[in-house]
Every structure is written in structure tokens, then in C-alpha cells.
$ cat start.csv   # CSV, C-alpha atoms
chain,number,residue,atom,x,y,z
A,432,MET,CA,-12.3,31.3,11.5
A,433,GLY,CA,-11.0,30.2,8.1
A,434,ALA,CA,-7.4,31.1,8.8
A,435,SER,CA,-4.9,28.3,8.4
A,436,SER,CA,-1.8,29.5,10.4
A,437,PRO,CA,-1.3,31.0,13.9
A,438,GLU,CA,-0.1,34.3,12.3
A,439,ALA,CA,-3.1,34.5,10.0
A,440,ILE,CA,-5.5,33.7,12.9
A,441,ALA,CA,-3.9,36.5,15.0
A,442,ARG,CA,-4.2,39.0,12.1
A,443,ALA,CA,-7.9,38.2,11.8
A,444,VAL,CA,-8.6,38.4,15.5
A,445,LEU,CA,-6.7,41.4,16.7
A,446,THR,CA,-8.1,43.9,14.1
A,447,ARG,CA,-11.7,42.9,15.1
A,448,LEU,CA,-11.0,42.8,18.8
A,449,GLU,CA,-9.7,46.4,18.9
A,450,ARG,CA,-13.2,47.6,17.7
A,451,LEU,CA,-14.9,45.6,20.5
A,452,ILE,CA,-12.5,46.5,23.3
A,453,PRO,CA,-10.8,49.9,22.5
A,454,CYS,CA,-7.6,49.5,24.5
A,455,GLU,CA,-4.1,50.6,23.4
A,456,TRP,CA,-2.4,47.2,23.3
A,457,LEU,CA,-3.4,43.6,22.3
A,458,SER,CA,-1.3,40.5,21.9
A,459,ILE,CA,-1.5,36.8,21.4
A,460,VAL,CA,1.2,34.7,23.2
A,461,LEU,CA,1.7,31.0,22.7
A,462,TYR,CA,3.3,28.5,25.2
A,463,ASN,CA,5.2,25.4,24.4
A,464,ARG,CA,3.7,22.1,25.6
A,465,GLU,CA,5.9,22.0,28.8
A,466,LEU,CA,4.9,25.6,29.7
A,467,THR,CA,8.5,26.6,30.0
A,468,GLU,CA,8.7,29.0,27.0
A,469,GLU,CA,6.5,31.6,25.5
A,470,ARG,CA,6.5,33.7,22.4
A,471,ALA,CA,4.4,36.5,21.1
A,472,ILE,CA,3.1,35.8,17.6
A,473,ALA,CA,1.3,39.1,17.1
A,474,TRP,CA,0.5,42.4,18.9
A,475,GLN,CA,-1.4,45.5,18.1
A,476,GLN,CA,-0.5,48.9,19.6
A,477,ALA,CA,-2.1,52.3,18.7
A,478,SER,CA,-4.0,50.6,15.8
A,479,GLU,CA,-0.7,49.3,14.3
A,480,LEU,CA,-0.7,45.5,13.8
A,481,GLN,CA,2.6,43.6,14.0
A,482,ILE,CA,2.7,40.0,12.9
A,483,HIS,CA,5.9,38.5,14.2
A,484,VAL,CA,7.1,35.2,15.3
A,485,GLY,CA,9.2,36.5,18.2
A,486,ASP,CA,12.0,34.9,20.1
A,487,SER,CA,11.0,32.6,22.8
A,488,GLN,CA,11.2,33.8,26.4
A,489,PRO,CA,11.3,31.7,29.6
A,490,VAL,CA,7.9,31.5,31.4
A,491,VAL,CA,7.9,33.0,34.8
A,492,PRO,CA,6.0,30.8,37.3
A,493,ASN,CA,3.7,32.9,39.3
A,494,ASP,CA,0.1,33.2,40.6
A,495,VAL,CA,-1.1,34.6,37.2
A,496,LEU,CA,0.2,31.5,35.4
A,497,GLU,CA,-1.5,29.1,37.8
A,498,ARG,CA,-4.8,30.9,37.4
A,499,LEU,CA,-4.5,30.8,33.6
A,500,LYS,CA,-3.7,27.0,33.8
A,501,ALA,CA,-6.9,26.6,35.8
A,502,GLY,CA,-8.9,28.3,33.0
A,503,LEU,CA,-9.4,31.6,34.8
A,504,SER,CA,-9.0,35.1,33.3
A,505,VAL,CA,-6.7,37.5,35.2
A,506,VAL,CA,-7.6,41.2,35.4
A,507,THR,CA,-5.0,43.5,36.9
A,508,PRO,CA,-6.3,47.0,37.6
A,509,ASP,CA,-2.8,48.5,37.9
A,510,LEU,CA,0.4,46.7,36.9
A,511,ALA,CA,2.4,49.0,39.2
A,512,THR,CA,0.7,47.5,42.3
A,513,GLN,CA,1.1,43.9,41.2
A,514,HIS,CA,3.0,41.7,43.7
A,515,GLY,CA,5.1,38.7,43.2
A,516,PRO,CA,7.2,37.6,40.2
A,517,LYS,CA,6.2,39.4,37.0
A,518,ALA,CA,6.2,37.8,33.5
A,519,GLN,CA,8.5,39.4,30.9
A,520,LEU,CA,5.3,40.6,29.1
A,521,ALA,CA,4.1,42.5,32.2
A,522,GLU,CA,7.4,44.3,32.6
A,523,ASP,CA,7.4,45.3,28.9
A,524,LEU,CA,3.9,46.7,29.3
A,525,GLU,CA,5.0,48.8,32.2
A,526,THR,CA,7.9,50.3,30.2
A,527,GLN,CA,5.3,51.3,27.6
A,528,HIS,CA,3.3,53.2,30.3
A,529,MET,CA,0.4,50.6,30.4
A,530,HIS,CA,-1.4,50.3,33.7
A,531,SER,CA,-4.4,47.9,33.6
A,532,ALA,CA,-4.0,44.5,32.0
A,533,MET,CA,-6.2,41.5,31.3
A,534,ALA,CA,-5.0,37.9,30.4
A,535,ASN,CA,-7.4,35.4,29.0
A,536,PRO,CA,-6.4,31.7,28.8
A,537,MET,CA,-6.6,29.7,25.6
A,538,LEU,CA,-7.2,26.1,26.4
A,539,VAL,CA,-7.3,23.0,24.2
A,540,GLN,CA,-8.6,19.9,25.9
A,541,GLY,CA,-7.8,21.4,29.3
A,542,ARG,CA,-4.2,22.3,28.4
A,543,LEU,CA,-3.0,25.9,28.4
A,544,ILE,CA,-1.6,26.7,24.9
A,545,GLY,CA,-1.5,30.5,25.1
A,546,VAL,CA,-3.0,33.7,26.3
A,547,LEU,CA,-4.9,36.6,24.8
A,548,ALA,CA,-3.4,39.7,26.5
A,549,LEU,CA,-4.9,43.2,26.5
A,550,ALA,CA,-3.6,46.4,28.2
A,551,SER,CA,-4.6,50.0,28.6
A,552,THR,CA,-2.8,53.2,29.7
A,553,LYS,CA,-5.8,53.8,32.0
A,554,VAL,CA,-6.0,52.3,35.5
A,555,ASN,CA,-8.9,49.9,36.1
A,556,PHE,CA,-9.9,50.1,32.4
A,557,PHE,CA,-11.4,46.6,31.8
A,558,THR,CA,-15.0,45.9,32.7
A,559,LEU,CA,-16.8,42.7,33.2
A,560,GLU,CA,-18.3,43.0,29.7
A,561,HIS,CA,-14.7,43.4,28.3
A,562,GLN,CA,-13.7,40.2,30.2
A,563,GLN,CA,-16.7,38.2,28.8
A,564,ILE,CA,-15.9,39.3,25.2
A,565,ALA,CA,-12.2,38.5,25.6
A,566,GLU,CA,-12.9,35.1,27.1
A,567,GLU,CA,-15.2,34.2,24.3
A,568,ILE,CA,-12.7,35.3,21.7
A,569,ALA,CA,-9.9,33.5,23.5
A,570,ASP,CA,-11.9,30.3,23.3
A,571,GLN,CA,-12.4,30.8,19.5
A,572,ILE,CA,-8.7,31.4,19.0
A,573,ALA,CA,-7.8,28.2,20.9
A,574,ILE,CA,-10.2,26.2,18.7
A,575,ALA,CA,-8.8,27.8,15.5
A,576,LEU,CA,-5.2,27.3,16.5
A,577,HIS,CA,-5.9,23.6,17.4
A,578,GLN,CA,-7.6,23.1,14.0
A,579,ALA,CA,-4.7,24.8,12.3
A,580,GLU,CA,-2.3,22.5,14.1
A,581,LEU,CA,-4.3,19.4,13.1
A,582,TYR,CA,-4.4,20.6,9.5
A,583,ASP,CA,-0.7,21.1,9.5
A,584,GLN,CA,-0.2,17.6,11.0
A,585,ILE,CA,-2.4,16.1,8.3
A,586,ALA,CA,-0.6,18.1,5.6
A,587,ARG,CA,2.8,16.8,6.8
A,588,HIS,CA,1.5,13.3,7.1
A,589,ASN,CA,0.1,13.4,3.5
A,590,PHE,CA,3.4,14.8,2.3
A,591,GLU,CA,5.3,12.0,4.0
A,592,LEU,CA,2.9,9.4,2.6
A,593,GLU,CA,3.3,10.9,-0.9
A,594,GLN,CA,7.0,10.9,-0.5
A,595,ARG,CA,6.9,7.2,0.6
A,596,VAL,CA,4.8,6.4,-2.5
A,597,ARG,CA,7.3,8.2,-4.7
A,598,ASP,CA,10.2,6.4,-3.1
A,599,ARG,CA,8.4,3.1,-3.4
A,600,THR,CA,7.5,3.7,-7.0
A,601,ALA,CA,11.1,4.6,-7.7
A,602,GLU,CA,12.2,1.3,-6.0
A,603,LEU,CA,9.6,-0.7,-8.0
A,604,GLU,CA,10.7,0.9,-11.2
A,605,HIS,CA,14.3,0.0,-10.3
A,606,VAL,CA,13.3,-3.6,-9.6
A,607,ASN,CA,11.4,-3.8,-12.8
A,608,ARG,CA,14.4,-2.6,-14.8
A,609,GLU,CA,16.5,-5.2,-13.0
A,610,LEU,CA,13.9,-7.8,-13.9
A,611,GLU,CA,13.9,-6.8,-17.5
A,612,MET,CA,17.7,-7.0,-17.6
A,613,PHE,CA,17.5,-10.4,-15.9
A,614,SER,CA,14.9,-11.6,-18.5
A,615,TYR,CA,17.1,-10.3,-21.3
A,616,SER,CA,20.1,-12.2,-19.8
A,617,VAL,CA,18.0,-15.4,-19.4
A,618,SER,CA,16.5,-15.1,-22.8
A,619,HIS,CA,19.8,-14.4,-24.6
A,620,ASP,CA,22.9,-15.2,-22.5
A,621,LEU,CA,21.6,-18.5,-21.1
A,622,ARG,CA,19.8,-19.7,-24.1
A,623,ALA,CA,22.7,-19.1,-26.5
A,624,PRO,CA,24.9,-21.9,-25.1
A,625,LEU,CA,21.8,-24.1,-24.6
A,626,ARG,CA,20.9,-23.7,-28.3
A,627,ALA,CA,24.5,-24.7,-29.1
A,628,VAL,CA,24.3,-27.8,-27.0
A,629,GLN,CA,20.9,-28.8,-28.5
A,630,GLY,CA,22.1,-28.0,-32.0
A,631,PHE,CA,25.2,-30.2,-31.7
A,632,ALA,CA,23.1,-32.9,-30.0
A,633,GLU,CA,20.8,-33.0,-33.0
A,634,ILE,CA,23.8,-33.3,-35.4
A,635,ILE,CA,25.2,-36.2,-33.3
A,636,ALA,CA,21.7,-37.8,-33.3
A,637,ARG,CA,21.5,-37.7,-37.0
A,638,ARG,CA,25.0,-38.7,-37.8
A,639,HIS,CA,26.4,-40.8,-35.0
A,640,ARG,CA,23.7,-42.2,-32.8
A,641,SER,CA,23.8,-45.6,-34.5
A,642,SER,CA,27.5,-45.9,-33.8
A,643,LEU,CA,27.0,-45.6,-30.0
A,644,ASN,CA,26.4,-48.7,-27.9
A,645,GLU,CA,23.3,-49.0,-25.8
A,646,GLU,CA,24.8,-47.3,-22.7
A,647,GLY,CA,26.1,-44.4,-24.9
A,648,GLN,CA,22.7,-44.0,-26.5
A,649,ARG,CA,21.1,-43.9,-23.0
A,650,TYR,CA,23.5,-41.2,-21.8
A,651,PHE,CA,23.0,-39.3,-25.0
A,652,ASP,CA,19.2,-39.4,-24.5
A,653,TYR,CA,19.8,-38.0,-21.0
A,654,ILE,CA,21.7,-35.0,-22.5
A,655,VAL,CA,18.9,-34.3,-25.0
A,656,ASP,CA,16.2,-34.6,-22.4
A,657,ALA,CA,18.1,-32.4,-20.0
A,658,GLY,CA,18.5,-29.7,-22.7
A,659,GLY,CA,14.8,-29.8,-23.4
A,660,GLN,CA,13.9,-29.5,-19.7
A,661,MET,CA,16.4,-26.6,-19.3
A,662,ASN,CA,14.8,-24.8,-22.3
A,663,GLN,CA,11.3,-25.3,-20.8
A,664,LEU,CA,12.5,-24.1,-17.4
A,665,ILE,CA,13.9,-20.9,-18.9
A,666,THR,CA,10.6,-20.4,-20.8
A,667,ASP,CA,8.6,-20.8,-17.6
A,668,LEU,CA,10.9,-18.5,-15.6
A,669,LEU,CA,10.5,-15.8,-18.2
A,670,ASP,CA,6.7,-16.3,-18.1
A,671,TYR,CA,6.7,-16.0,-14.3
A,672,SER,CA,8.9,-12.9,-14.3
A,673,ARG,CA,6.8,-11.1,-16.9
A,674,LEU,CA,3.5,-11.7,-14.9
A,675,GLY,CA,4.1,-8.8,-12.5
A,676,ARG,CA,4.9,-6.4,-15.2
A,677,GLN,CA,2.3,-7.0,-17.9
A,678,HIS,CA,-0.8,-4.9,-18.2
A,679,VAL,CA,-4.0,-6.7,-17.2
A,680,ARG,CA,-6.8,-6.0,-19.7
A,681,PHE,CA,-10.0,-6.7,-17.8
A,682,GLY,CA,-13.1,-7.5,-19.7
A,683,THR,CA,-16.2,-9.8,-19.8
A,684,ILE,CA,-15.0,-13.3,-20.8
A,685,PRO,CA,-17.5,-16.1,-21.7
A,686,LEU,CA,-16.0,-19.0,-19.7
A,687,ARG,CA,-17.2,-21.9,-21.7
A,688,LYS,CA,-16.0,-20.4,-25.0
A,689,LEU,CA,-12.6,-19.7,-23.4
A,690,LEU,CA,-12.3,-23.3,-22.1
A,691,LEU,CA,-13.2,-24.7,-25.5
A,692,GLU,CA,-10.3,-22.7,-27.0
A,693,VAL,CA,-8.0,-24.1,-24.3
A,694,ILE,CA,-9.1,-27.6,-25.0
A,695,GLU,CA,-8.4,-27.1,-28.7
A,696,MET,CA,-4.9,-25.8,-27.8
A,697,LEU,CA,-4.3,-28.8,-25.6
A,698,GLN,CA,-5.5,-31.4,-28.2
A,699,PRO,CA,-2.0,-32.9,-28.8
A,700,GLN,CA,-1.7,-33.6,-25.0
A,701,ILE,CA,-5.3,-34.9,-24.8
A,702,THR,CA,-4.5,-37.4,-27.5
A,703,LYS,CA,-1.1,-38.3,-26.0
A,704,TYR,CA,-2.6,-39.1,-22.6
A,705,GLY,CA,-5.9,-40.5,-23.8
A,706,ALA,CA,-7.6,-37.9,-21.6
A,707,GLN,CA,-11.3,-37.0,-21.4
A,708,ILE,CA,-12.2,-33.3,-20.7
A,709,ASP,CA,-15.8,-32.7,-19.5
A,710,LEU,CA,-17.2,-29.2,-19.4
A,711,ALA,CA,-20.4,-28.3,-17.6
A,712,GLU,CA,-23.0,-26.9,-20.0
A,713,ALA,CA,-23.9,-23.8,-17.9
A,714,LEU,CA,-20.7,-21.9,-17.5
A,715,PRO,CA,-21.2,-18.1,-16.9
A,716,ASP,CA,-19.1,-15.1,-17.9
A,717,VAL,CA,-16.3,-13.9,-15.7
A,718,ARG,CA,-14.4,-10.6,-15.4
A,719,GLY,CA,-10.8,-11.1,-16.3
A,720,ASP,CA,-8.0,-11.0,-18.8
A,721,LYS,CA,-8.3,-13.6,-21.6
A,722,THR,CA,-4.6,-14.3,-21.8
A,723,LEU,CA,-4.2,-14.9,-18.1
A,724,LEU,CA,-7.4,-17.0,-17.9
A,725,MET,CA,-6.1,-19.2,-20.8
A,726,GLN,CA,-2.8,-19.6,-19.0
A,727,ILE,CA,-4.6,-20.5,-15.7
A,728,PHE,CA,-6.9,-23.2,-17.2
A,729,ALA,CA,-4.3,-24.6,-19.6
A,730,ASN,CA,-2.0,-25.3,-16.7
A,731,LEU,CA,-4.7,-26.8,-14.5
A,732,LEU,CA,-6.1,-29.0,-17.3
A,733,GLU,CA,-2.6,-30.1,-18.4
A,734,ASN,CA,-1.7,-31.0,-14.8
A,735,GLY,CA,-4.9,-33.0,-14.5
A,736,MET,CA,-3.7,-35.1,-17.5
A,737,ILE,CA,0.0,-35.4,-16.6
A,738,TYR,CA,-0.3,-36.5,-13.0
A,739,GLN,CA,-2.4,-39.6,-13.7
A,740,ARG,CA,-2.5,-42.9,-11.8
A,741,PRO,CA,-0.9,-45.8,-13.7
A,742,GLY,CA,-3.5,-47.7,-15.7
A,743,VAL,CA,-6.2,-45.1,-15.2
A,744,SER,CA,-7.2,-42.8,-18.1
A,745,PRO,CA,-7.3,-39.2,-17.0
A,746,VAL,CA,-10.7,-37.6,-16.7
A,747,VAL,CA,-10.9,-33.8,-16.0
A,748,ARG,CA,-14.2,-32.2,-15.1
A,749,VAL,CA,-14.8,-28.4,-15.1
A,750,ASP,CA,-17.9,-26.9,-13.5
A,751,CYS,CA,-18.7,-23.9,-11.3
A,752,THR,CA,-20.8,-22.4,-8.6
A,753,ILE,CA,-22.0,-18.8,-8.7
A,754,GLU,CA,-21.7,-16.5,-5.8
A,755,PRO,CA,-23.2,-12.9,-5.5
A,756,GLU,CA,-20.0,-11.2,-6.7
A,757,ALA,CA,-17.9,-14.1,-7.9
A,758,VAL,CA,-17.7,-17.4,-9.9
A,759,VAL,CA,-15.9,-20.3,-8.3
A,760,VAL,CA,-14.6,-22.6,-11.1
A,761,ARG,CA,-13.7,-26.2,-10.1
A,762,VAL,CA,-11.2,-28.2,-12.1
A,763,ALA,CA,-11.4,-31.8,-10.8
A,764,ASP,CA,-9.3,-34.7,-11.9
A,765,ASN,CA,-9.0,-38.4,-11.1
A,766,GLY,CA,-5.2,-38.4,-10.8
A,767,LEU,CA,-2.6,-39.1,-8.1
A,768,GLY,CA,-3.9,-36.6,-5.5
A,769,ILE,CA,-1.8,-34.4,-3.3
A,770,ASP,CA,-1.1,-34.9,0.4
A,771,GLN,CA,-2.5,-32.2,2.7
A,772,GLU,CA,0.9,-30.9,3.8
A,773,PHE,CA,1.7,-29.9,0.2
A,774,HIS,CA,-1.5,-28.0,-0.5
A,775,GLU,CA,0.2,-24.6,-0.1
A,776,LYS,CA,3.7,-25.5,-1.1
A,777,ILE,CA,2.8,-26.6,-4.6
A,778,PHE,CA,2.0,-23.0,-5.5
A,779,ASN,CA,5.6,-21.9,-4.8
A,780,VAL,CA,8.2,-21.7,-7.5
A,781,PHE,CA,10.2,-24.9,-8.1
A,782,GLN,CA,8.0,-27.1,-5.9
A,783,ARG,CA,7.8,-30.5,-7.4
A,784,LEU,CA,6.2,-33.6,-5.7
A,785,HIS,CA,7.4,-36.1,-8.4
A,786,SER,CA,10.6,-36.5,-10.4
A,787,ALA,CA,10.8,-35.1,-13.9
A,788,GLU,CA,11.8,-38.6,-15.1
A,789,HIS,CA,8.2,-39.9,-14.4
A,790,TYR,CA,6.2,-36.7,-14.7
A,791,PRO,CA,7.4,-33.8,-17.0
A,792,GLY,CA,7.4,-30.2,-15.7
A,793,THR,CA,9.5,-27.5,-14.1
A,794,GLY,CA,7.7,-26.8,-10.8
A,795,ILE,CA,6.7,-23.3,-11.9
A,796,GLY,CA,3.3,-23.9,-13.5
A,797,LEU,CA,1.2,-23.6,-10.4
A,798,ALA,CA,3.2,-20.6,-9.2
A,799,ILE,CA,2.2,-19.0,-12.5
A,800,VAL,CA,-1.4,-20.0,-12.0
A,801,ARG,CA,-1.6,-18.5,-8.5
A,802,ARG,CA,0.1,-15.2,-9.6
A,803,SER,CA,-2.2,-14.9,-12.6
A,804,VAL,CA,-5.3,-15.5,-10.4
A,805,GLU,CA,-4.1,-12.8,-7.9
A,806,LEU,CA,-3.6,-10.4,-10.8
A,807,LEU,CA,-7.3,-10.9,-11.6
A,808,ASN,CA,-8.3,-10.1,-8.0
A,809,GLY,CA,-9.2,-13.7,-7.5
A,810,SER,CA,-8.1,-16.6,-5.2
A,811,ILE,CA,-7.2,-20.3,-5.7
A,812,TRP,CA,-7.2,-23.3,-3.3
A,813,LEU,CA,-7.0,-27.0,-3.4
A,814,GLU,CA,-8.9,-30.0,-2.1
A,815,SER,CA,-7.3,-33.4,-2.7
A,816,THR,CA,-7.3,-37.1,-1.7
A,817,VAL,CA,-4.2,-39.2,-2.4
A,818,GLY,CA,-5.1,-42.0,-4.8
A,819,VAL,CA,-8.4,-40.4,-5.7
A,820,GLY,CA,-7.7,-37.1,-7.3
A,821,SER,CA,-7.6,-33.3,-6.9
A,822,GLN,CA,-10.0,-30.4,-7.1
A,823,PHE,CA,-8.6,-26.9,-7.8
A,824,TYR,CA,-11.0,-24.0,-7.0
A,825,VAL,CA,-10.5,-20.7,-8.7
A,826,ARG,CA,-12.6,-17.8,-7.5
A,827,LEU,CA,-13.0,-15.0,-10.2
A,828,PRO,CA,-14.9,-11.8,-10.1
A,829,ARG,CA,-18.2,-11.6,-11.9
A,830,PRO,CA,-18.8,-8.9,-14.5
A,831,THR,CA,-20.2,-5.7,-13.1
A,832,GLY,CA,-23.9,-5.2,-13.5
A,833,LEU,CA,-24.8,-8.9,-13.2

$ encode --input "start.csv" --output "C-alpha cells"
Amino acid sequence: MGASSPEAIARAVLTRLERLIPCEWLSIVLYNRELTEERAIAWQQASELQIHVGDSQPVVPNDVLERLKAGLSVVTPDLATQHGPKAQLAEDLETQHMHSAMANPMLVQGRLIGVLALASTKVNFFTLEHQQIAEEIADQIAIALHQAELYDQIARHNFELEQRVRDRTAELEHVNRELEMFSYSVSHDLRAPLRAVQGFAEIIARRHRSSLNEEGQRYFDYIVDAGGQMNQLITDLLDYSRLGRQHVRFGTIPLRKLLLEVIEMLQPQITKYGAQIDLAEALPDVRGDKTLLMQIFANLLENGMIYQRPGVSPVVRVDCTIEPEAVVVRVADNGLGIDQEFHEKIFNVFQRLHSAEHYPGTGIGLAIVRRSVELLNGSIWLESTVGVGSQFYVRLPRPTGL
């Protein structure tokens, strides 16, 4: 049966059943789960079909109900001679001058969900063949009703999921708007007074620095340095807040070519720290976004140069291993190293292991790195030994088709 609702199923069944069993009255009655209420959803009398979700009636406990619950059909040769409590349906049939009746149970997983009822004005009308036909059709109705119920449950569930997605999308859009407002505030409202402080500091540096004593010059340098750190912190915060909202443009990126561009970009820092950057000759292509990849490796390479041991020139080595569906890039340095307890914490915002006085930075760089890697459907982890150096591993997808 292709019908999708109890009423449609009833309409399809009763019109056919009348041709197979030519009785004067047919009906489909459904029970609630507790078997305390019943309602007729359709009936056919004198070839006139009525589709109606009737009012619920209380179920009358009697021998007929118990036999139906046991999965047995009940044939009554003459309603007038029936003993014991009668269901409301049986009483209604008698008022319409029906005599013989047949009730066929509709079961789903052993539970009575309804009854296919037939009646005739003739006494002892229903034959064994009629009973077998009605039982088979009742079974088919039960299956169709169960499938319709499941379909309705799935449809409701899908609607609820879609509504949740719409609500979640609206929430995310609201959060994104708030983040954009926050970024605007940070970029303009906070930077405006900072620019004023830095501007006046530059004027003082040009005109009056020489008139300050050694202590005054030292305090003044603290102000200038703090202004620069604050400006960098604002920049890093803005970069981090934009990561979740920017569009990721996936493509095939030649890793060695990209790293050479990063090294060229970092040349002033390489010169400043006297660093050596070694690239493996065989570096494959990866699947990713060029801007995010440059941000990832610029941060990792710069960290490898900044966090150096005193008296040891920084050496940073980049190589990789190839997996079936990914490339694992290793960025290894000979720097300070990181204690095991901080291997996860360093990827959180504002996590610094060293003072800004000795090692510059804002504590946001590795948080940006991890977020960027996640946006590329990759992962990052760390192995490190204090006093020996650190190795950062970045797993990135390989281009499709390789």
C-alpha cells in the first residue's frame, strides 16, 4: 500500500474490500496504546465511503477484546444473541439492523492497534473464506499503518532537526555579527588611543629623550615597548577572531615552494637571530589554503628562531612523512624545549611560558596555528625535550587523486 496516512490507507482498503466481501457495513477502528480508547477513522455503508476522524470512545473490556488482543478473529453470527458487555460499535450496528459481524485484529509486533470490522444485515453471513480474506487484509492494514507512523515520526524528526539547524545558523550569524562588531571596536576604538600614546611617545623621543636621566629614559622605553606589544596583541586578536569567519579556498599547494616564500618573508628575523632554516629536498603537494598555510608555517618557523637557548644559534629543520591520505610535516628546532605538561596548553589563547621581556610575543600565535590547521581538516601535535628542542607535527590532507 502506497498510502501515507491512516485515512488514505482506509480509503484504499475499504473500496476494494467491499468487492471481495459484499457486506453492507465495513469499518476500521484504531485503539490508543493503552487500549482504553477507540476511534473509527473510516466506514463504508451501502457503498458510501465515509472518511472521518471520529471522536474517541471508551473501550469496553469484554471477551471479544481479549480474543482480539490474542490475535484471534471474532465472528458473531447474530449480534442479538451476543452475551456479556457490548462495545459501543456493536450497539451502533444493532441500531442499524445489522445481525452478523466479524472483527479482525490488526497487530504490530504483537500489540493490538485496531480492528477491521465488517457487518451484514443477514444472520450467519460470514464464511470461513470471508474470514481468511479479512484476516489477510487486516494484517496488510496493520503493516501499512505502522509504516505510515514510522514515516510520520521520521518526518517530524527531520523537521525538528531542520529547525534546530535553522536556529543554530541564526545563533551563529548573531555571534558572527557580534564578533564583527567586536573586531571593529578593537580595530578602531582601542587602537585610536593607542595610536595617540605611540604618537606622543615618538614626539617625546625625538625632542626630549636626551633631557631625561637614565631612570627616566628606562621608564620611557617601557612605555614605548608596552605600546608596541599592545598594538601587536590587538593585531593577533583580530587575526584570531577572523579565522572562524574567513572563507577557506582549498587547492593543491606545492609545499616546498610555499615554504620558500615563507622563508623569504621571514628574512629580517632570520638575519636578526642568525638562524639557519633547512628544508628537505622532497616536499610534496598538500591540499589546503595558501594564506592559512603561510600563517601556520610562518608562526612555527618564527617560534623556532625566537625561543632559542642562550649562546646557541637557532637551526630549524622542515621535513615530512607521507601517509596514504595525508602529509605529516615536521618543524624541528634546537631551542629551549617545552615541558610535557604544557604540550596542550600552549595552543590556547594567551598561554605564554616565558616573559615578554626575554622572548617577544603575545601568546596567541600557536592558537592561530591550531585553528588554521583545523580549518584545513588537519591536526597538530608536539614532541619536545627541555634543553634540546621541539618538534611540531602538522598533518595535512593530500590532494585528491594522488

$ atom_distance --input "start.csv" --atom1 "CA of Glu712 (chain A)" --atom2 "CA of Leu690 (chain A)"
11.5 Å

$ atom_distance --input "start.csv" --atom1 "CA of Leu732 (chain A)" --atom2 "CA of Ile769 (chain A)"
15.6 Å

$ atom_distance --input "start.csv" --atom1 "CA of Gly515 (chain A)" --atom2 "CA of Asp570 (chain A)"
27.5 Å

$ residues_around --input "start.csv" --residues "Gly735 (chain A)" --least-positions-apart "6" --cutoff "8 Å" --atoms "all atoms listed in the file" --output "number ranges by chain"
A: 745-747, 763-766

$ write_last_selection --input "start.csv" --atoms "C-alpha atoms" --output "PDB file, in the coordinates of the input"
ATOM      1  CA  PRO A 745      -7.300 -39.200 -17.000  1.00  0.00           C
ATOM      2  CA  VAL A 746     -10.700 -37.600 -16.700  1.00  0.00           C
ATOM      3  CA  VAL A 747     -10.900 -33.800 -16.000  1.00  0.00           C
ATOM      4  CA  ALA A 763     -11.400 -31.800 -10.800  1.00  0.00           C
ATOM      5  CA  ASP A 764      -9.300 -34.700 -11.900  1.00  0.00           C
ATOM      6  CA  ASN A 765      -9.000 -38.400 -11.100  1.00  0.00           C
ATOM      7  CA  GLY A 766      -5.200 -38.400 -10.800  1.00  0.00           C
TER       8      GLY A 766
END

$ residues_around --input "start.csv" --residues "region 543-560 of chain A" --least-positions-apart "6" --cutoff "7 Å" --atoms "only C-alpha atoms" --output "PyMOL selection string"
chain A and resi 454-463+500+508-509+528-537+569

$ decode --input "start.csv" --residues "region 438-489 of chain A" --atoms "C-alpha atoms" --output "PDB file, in the first residue's frame"
ATOM      1  CA  GLU A 438      -7.270   7.910   6.423  1.00  0.00           C
ATOM      2  CA  ALA A 439      -5.720   7.374   2.988  1.00  0.00           C
ATOM      3  CA  ILE A 440      -4.989   3.742   3.861  1.00  0.00           C
ATOM      4  CA  ALA A 441      -8.613   3.254   4.951  1.00  0.00           C
ATOM      5  CA  ARG A 442      -9.903   4.779   1.719  1.00  0.00           C
ATOM      6  CA  ALA A 443      -7.737   2.445  -0.373  1.00  0.00           C
ATOM      7  CA  VAL A 444      -8.719  -0.674   1.583  1.00  0.00           C
ATOM      8  CA  LEU A 445     -12.447  -0.371   2.124  1.00  0.00           C
ATOM      9  CA  THR A 446     -13.366   0.276  -1.508  1.00  0.00           C
ATOM     10  CA  ARG A 447     -11.535  -2.907  -2.547  1.00  0.00           C
ATOM     11  CA  LEU A 448     -12.690  -4.998   0.387  1.00  0.00           C
ATOM     12  CA  GLU A 449     -16.375  -4.417  -0.426  1.00  0.00           C
ATOM     13  CA  ARG A 450     -15.864  -6.162  -3.786  1.00  0.00           C
ATOM     14  CA  LEU A 451     -14.289  -9.190  -2.081  1.00  0.00           C
ATOM     15  CA  ILE A 452     -16.759  -9.428   0.805  1.00  0.00           C
ATOM     16  CA  PRO A 453     -20.120  -7.909  -0.310  1.00  0.00           C
ATOM     17  CA  CYS A 454     -21.446  -6.984   3.119  1.00  0.00           C
ATOM     18  CA  GLU A 455     -23.420  -3.855   3.988  1.00  0.00           C
ATOM     19  CA  TRP A 456     -21.008  -2.308   6.506  1.00  0.00           C
ATOM     20  CA  LEU A 457     -17.199  -2.087   6.846  1.00  0.00           C
ATOM     21  CA  SER A 458     -15.081  -0.054   9.239  1.00  0.00           C
ATOM     22  CA  ILE A 459     -11.549   0.488  10.505  1.00  0.00           C
ATOM     23  CA  VAL A 460     -11.214   1.304  14.196  1.00  0.00           C
ATOM     24  CA  LEU A 461      -7.957   2.286  15.890  1.00  0.00           C
ATOM     25  CA  TYR A 462      -7.045   1.899  19.580  1.00  0.00           C
ATOM     26  CA  ASN A 463      -4.748   4.058  21.659  1.00  0.00           C
ATOM     27  CA  ARG A 464      -1.587   2.425  23.053  1.00  0.00           C
ATOM     28  CA  GLU A 465      -3.196   1.744  26.459  1.00  0.00           C
ATOM     29  CA  LEU A 466      -6.282   0.135  24.862  1.00  0.00           C
ATOM     30  CA  THR A 467      -8.545   2.492  26.789  1.00  0.00           C
ATOM     31  CA  GLU A 468      -9.950   4.474  23.850  1.00  0.00           C
ATOM     32  CA  GLU A 469     -11.029   3.682  20.308  1.00  0.00           C
ATOM     33  CA  ARG A 470     -11.989   5.798  17.320  1.00  0.00           C
ATOM     34  CA  ALA A 471     -13.348   4.913  13.902  1.00  0.00           C
ATOM     35  CA  ILE A 472     -11.307   6.522  11.126  1.00  0.00           C
ATOM     36  CA  ALA A 473     -13.471   5.265   8.248  1.00  0.00           C
ATOM     37  CA  TRP A 474     -16.545   3.256   7.463  1.00  0.00           C
ATOM     38  CA  GLN A 475     -18.424   2.211   4.379  1.00  0.00           C
ATOM     39  CA  GLN A 476     -22.161   1.537   4.324  1.00  0.00           C
ATOM     40  CA  ALA A 477     -24.304   0.824   1.304  1.00  0.00           C
ATOM     41  CA  SER A 478     -21.299   1.555  -0.969  1.00  0.00           C
ATOM     42  CA  GLU A 479     -20.986   5.022   0.542  1.00  0.00           C
ATOM     43  CA  LEU A 480     -17.485   5.638   1.950  1.00  0.00           C
ATOM     44  CA  GLN A 481     -17.058   8.000   4.916  1.00  0.00           C
ATOM     45  CA  ILE A 482     -13.591   9.124   5.888  1.00  0.00           C
ATOM     46  CA  HIS A 483     -13.783  10.676   9.301  1.00  0.00           C
ATOM     47  CA  VAL A 484     -11.546  11.000  12.330  1.00  0.00           C
ATOM     48  CA  GLY A 485     -14.306  10.348  14.818  1.00  0.00           C
ATOM     49  CA  ASP A 486     -14.410  11.226  18.468  1.00  0.00           C
ATOM     50  CA  SER A 487     -12.739   8.751  20.771  1.00  0.00           C
ATOM     51  CA  GLN A 488     -14.937   6.335  22.692  1.00  0.00           C
ATOM     52  CA  PRO A 489     -14.004   4.356  25.790  1.00  0.00           C
TER      53      PRO A 489
END
